[in-house]
Amino acid sequence: MAENRDALRRSLLPGLLEALALNARQDQGGAHLFELGSVFWKSEANAVEQPQVLALAAHVPSGGADAAAAEVRSLQATLATLRDRFAFPATDFKQAEFPSLNPGRFAGFHPGRTGEILDGGESIGIVGEVHPEVASQLGLPGRAVVAEVLFDRFSAGGRQTPEARPLPRFPGVRRDLTVVIQGKIAGRDLVQVIRQLGGYTLREIYMVSEYQGPPMGAGARSLSFRLQYQADDRTLTNEEVSALQQGIIDGLKARFGAEVRS
């Protein structure tokens, strides 16, 4: 509740979109914003619920459909990284089917360019493009993409147990890895296998992007990861890192039939 508001918030997205519009009016287009906070819903029993919600928003000043689609995939990748960090195994994304979605909750989204965030088949959020009419009403040029997820459910898997390590004395080595997979293999499954194959020297892994569409074939998806290798007692050689990377590649091919893209 802010001084300039006369009602409790049911969503964090209107505030983020207003902030994007304000930035655009001040020649600061292309902003990427997020907020983690409480919203207020009325349950079927007429009780007030106050869940924690995570909201993300990005402005696409060019107005291009391809650029907006890329930003949606970027938001999905961000959420997937958070999901993996919180060790929450059940979250997935699904194309939303309009007008079956709750018209109150999902009003203002662009049909056909919006997806649901699922937990075991139950919708816990949404990610997609804001309807052009909504952007126009806000005075926001170009396009905007947003995501909102029930953070209470998103982090319900529990944080990973922290592992204490001494401060690094030797530099790490960063490698990128892009694989193409078929079917409904979840990105989190690949992350889990990569971590197992990389062993102790694989210190970090992030999903950078996920893409599905032309020119790839039906059912094919491209996933890009960034890996950070590091040893406690020495600087890893290029040969050592290449051997670790190849072991991961061989494992993904054997386990998922993945195709590696250079």
# chains A, B, ... in the order shown; residues from 1 in each chain; ligands from 1
$ residues_around --residues "A:Ala24" --least-positions-apart "5" --cutoff "9 Å" --atoms "only C-alpha atoms" --output "PDB file with N, CA and C atoms, in the first residue's frame"
ATOM      1  N   ALA A  19       6.008   1.950 -14.222  1.00  0.00           N
ATOM      2  CA  ALA A  19       7.415   2.339 -14.112  1.00  0.00           C
ATOM      3  C   ALA A  19       8.116   2.262 -15.468  1.00  0.00           C
ATOM      4  N   GLY A  29      14.070   4.078 -22.385  1.00  0.00           N
ATOM      5  CA  GLY A  29      13.385   2.883 -22.839  1.00  0.00           C
ATOM      6  C   GLY A  29      14.264   1.650 -22.739  1.00  0.00           C
ATOM      7  N   GLY A  30      13.625   0.490 -22.824  1.00  0.00           N
ATOM      8  CA  GLY A  30      14.370  -0.763 -22.753  1.00  0.00           C
ATOM      9  C   GLY A  30      14.677  -1.230 -21.351  1.00  0.00           C
ATOM     10  N   ALA A  31      13.985  -0.679 -20.351  1.00  0.00           N
ATOM     11  CA  ALA A  31      14.256  -1.038 -18.964  1.00  0.00           C
ATOM     12  C   ALA A  31      13.799  -2.463 -18.662  1.00  0.00           C
ATOM     13  N   HIS A  59      10.778  -3.814 -21.236  1.00  0.00           N
ATOM     14  CA  HIS A  59      10.274  -2.959 -22.311  1.00  0.00           C
ATOM     15  C   HIS A  59      11.034  -3.282 -23.604  1.00  0.00           C
ATOM     16  N   PRO A  61      11.434  -1.383 -26.829  1.00  0.00           N
ATOM     17  CA  PRO A  61      11.121  -0.118 -27.513  1.00  0.00           C
ATOM     18  C   PRO A  61      11.017  -0.240 -29.022  1.00  0.00           C
ATOM     19  N   GLY A 139       0.632   4.712 -22.308  1.00  0.00           N
ATOM     20  CA  GLY A 139       1.576   5.591 -22.989  1.00  0.00           C
ATOM     21  C   GLY A 139       2.934   4.960 -23.144  1.00  0.00           C
ATOM     22  N   LEU A 140       2.957   3.613 -23.271  1.00  0.00           N
ATOM     23  CA  LEU A 140       4.207   2.873 -23.376  1.00  0.00           C
ATOM     24  C   LEU A 140       4.442   2.511 -24.837  1.00  0.00           C
ATOM     25  N   PRO A 141       5.421   3.113 -25.500  1.00  0.00           N
ATOM     26  CA  PRO A 141       5.666   2.795 -26.906  1.00  0.00           C
ATOM     27  C   PRO A 141       6.285   1.415 -27.073  1.00  0.00           C
TER      28      PRO A 141
END
$ closest_atom_pairs --of "stretch 113-139 of chain A" --to "stretch 64-73 of chain A" --cutoff "9 Å" --atoms "only C-alpha atoms" --output "tab-separated table"
residue	atom	partner	partner_atom	distance
A:Arg113	CA	A:Ala69	CA	7.8
A:Thr114	CA	A:Val72	CA	8.6
A:Val127	CA	A:Val72	CA	7.0
A:Gly128	CA	A:Val72	CA	5.8
A:Glu129	CA	A:Ala68	CA	7.2
$ residues_around --residues "stretch 41-50 of chain A" --least-positions-apart "3" --cutoff "10 Å" --atoms "only C-alpha atoms" --output "PyMOL selection string"
chain A and resi 8-11+37-38+53
$ write_last_selection --atoms "C-alpha atoms" --output "PDB file, in the first residue's frame"
ATOM      1  CA  LEU A   8      -4.571  -3.041  -1.871  1.00  0.00           C
ATOM      2  CA  ARG A   9      -2.669  -4.553  -4.798  1.00  0.00           C
ATOM      3  CA  ARG A  10      -3.968  -7.729  -6.419  1.00  0.00           C
ATOM      4  CA  SER A  11      -0.947  -7.859  -8.746  1.00  0.00           C
ATOM      5  CA  GLY A  37       6.208  -8.357  -2.673  1.00  0.00           C
ATOM      6  CA  SER A  38       2.826  -9.208  -1.233  1.00  0.00           C
ATOM      7  CA  VAL A  53       4.561 -12.771  -5.671  1.00  0.00           C
TER       8      VAL A  53
END
$ atom_distance --atom1 "atom CA of A:Thr235" --atom2 "atom CA of A:Ile248"
20.1 Å
$ residues_around --residues "stretch 175-192 of chain A" --least-positions-apart "5" --cutoff "7 Å" --atoms "only C-alpha atoms" --output "list in words"
Asp84, Gly219, Ala220, Arg221, Ser222, Leu223, Ser224, Phe225, Arg226, Leu227, Gln228, Gly257, Ala258, Glu259, Val260 and Arg261 of chain A
$ write_last_selection --atoms "C-alpha atoms" --output "PDB file, in the first residue's frame"
ATOM      1  CA  ASP A  84      16.969 -24.437 -10.265  1.00  0.00           C
ATOM      2  CA  GLY A 219       9.302 -30.618 -31.204  1.00  0.00           C
ATOM      3  CA  ALA A 220      12.925 -29.440 -31.161  1.00  0.00           C
ATOM      4  CA  ARG A 221      14.193 -27.003 -28.534  1.00  0.00           C
ATOM      5  CA  SER A 222      17.529 -25.265 -28.187  1.00  0.00           C
ATOM      6  CA  LEU A 223      18.851 -24.631 -24.667  1.00  0.00           C
ATOM      7  CA  SER A 224      21.985 -22.633 -23.918  1.00  0.00           C
ATOM      8  CA  PHE A 225      23.942 -22.913 -20.663  1.00  0.00           C
ATOM      9  CA  ARG A 226      26.901 -21.054 -19.170  1.00  0.00           C
ATOM     10  CA  LEU A 227      29.282 -23.198 -17.116  1.00  0.00           C
ATOM     11  CA  GLN A 228      32.004 -22.053 -14.722  1.00  0.00           C
ATOM     12  CA  GLY A 257      19.919 -37.880 -27.389  1.00  0.00           C
ATOM     13  CA  ALA A 258      20.982 -34.237 -27.306  1.00  0.00           C
ATOM     14  CA  GLU A 259      22.660 -32.611 -30.295  1.00  0.00           C
ATOM     15  CA  VAL A 260      25.397 -30.100 -29.512  1.00  0.00           C
ATOM     16  CA  ARG A 261      25.527 -26.789 -31.368  1.00  0.00           C
TER      17      ARG A 261
END
$ closest_residue --among "A:Gly217, A:Asp233, A:Ile124, A:Ser136" --to "A:Pro166" --atoms "only C-alpha atoms"
A:Asp233
$ residues_around --residues "A:Val173" --least-positions-apart "4" --cutoff "12 Å" --atoms "only C-alpha atoms" --output "list of chain:residue names"
A:Thr201, A:Leu202, A:Arg203, A:Glu204, A:Arg226, A:Leu227, A:Gln228, A:Tyr229, A:Gln230, A:Ala231, A:Arg234, A:Thr235, A:Leu236, A:Thr237, A:Asn238, A:Glu239, A:Glu240, A:Val241, A:Ser242, A:Leu244, A:Gln245
$ closest_residue --among "A:Val193, A:Leu17, A:Ala144, A:Ala243" --to "A:Gly63" --atoms "only C-alpha atoms"
A:Ala144
$ select_by_dssp --residues "stretch 179-246 of chain A" --states "helix (DSSP H, G or I)" --output "number ranges by chain"
A: 187-201, 238-246
$ residues_around --residues "A:Leu33" --least-positions-apart "2" --cutoff "9 Å" --atoms "only C-alpha atoms" --output "PyMOL selection string"
chain A and resi 16+19-20+31+35+55-59
$ write_last_selection --atoms "N, CA and C atoms" --output "mmCIF file, in the first residue's frame"
data_model
loop_
_atom_site.group_PDB
_atom_site.id
_atom_site.type_symbol
_atom_site.label_atom_id
_atom_site.label_comp_id
_atom_site.auth_asym_id
_atom_site.auth_seq_id
_atom_site.Cartn_x
_atom_site.Cartn_y
_atom_site.Cartn_z
ATOM 1 N N LEU A 16 4.757 -2.156 -12.162
ATOM 2 C CA LEU A 16 5.950 -2.303 -12.991
ATOM 3 C C LEU A 16 5.732 -1.710 -14.378
ATOM 4 N N ALA A 19 6.008 1.950 -14.222
ATOM 5 C CA ALA A 19 7.415 2.339 -14.112
ATOM 6 C C ALA A 19 8.116 2.262 -15.468
ATOM 7 N N LEU A 20 7.786 1.246 -16.273
ATOM 8 C CA LEU A 20 8.353 1.164 -17.622
ATOM 9 C C LEU A 20 7.930 2.367 -18.456
ATOM 10 N N ALA A 31 13.985 -0.679 -20.351
ATOM 11 C CA ALA A 31 14.256 -1.038 -18.964
ATOM 12 C C ALA A 31 13.799 -2.463 -18.662
ATOM 13 N N GLU A 35 10.051 -7.003 -9.078
ATOM 14 C CA GLU A 35 9.596 -6.694 -7.726
ATOM 15 C C GLU A 35 9.181 -7.989 -7.049
ATOM 16 N N ALA A 55 7.403 -10.588 -9.670
ATOM 17 C CA ALA A 55 6.995 -10.043 -10.961
ATOM 18 C C ALA A 55 8.215 -9.509 -11.699
ATOM 19 N N LEU A 56 8.259 -9.727 -13.013
ATOM 20 C CA LEU A 56 9.322 -9.257 -13.891
ATOM 21 C C LEU A 56 8.680 -8.509 -15.052
ATOM 22 N N ALA A 57 9.351 -7.481 -15.545
ATOM 23 C CA ALA A 57 8.823 -6.719 -16.683
ATOM 24 C C ALA A 57 9.978 -6.198 -17.517
ATOM 25 N N ALA A 58 9.802 -6.206 -18.840
ATOM 26 C CA ALA A 58 10.833 -5.721 -19.758
ATOM 27 C C ALA A 58 10.166 -4.929 -20.877
ATOM 28 N N HIS A 59 10.778 -3.814 -21.236
ATOM 29 C CA HIS A 59 10.274 -2.959 -22.311
ATOM 30 C C HIS A 59 11.034 -3.282 -23.604
#
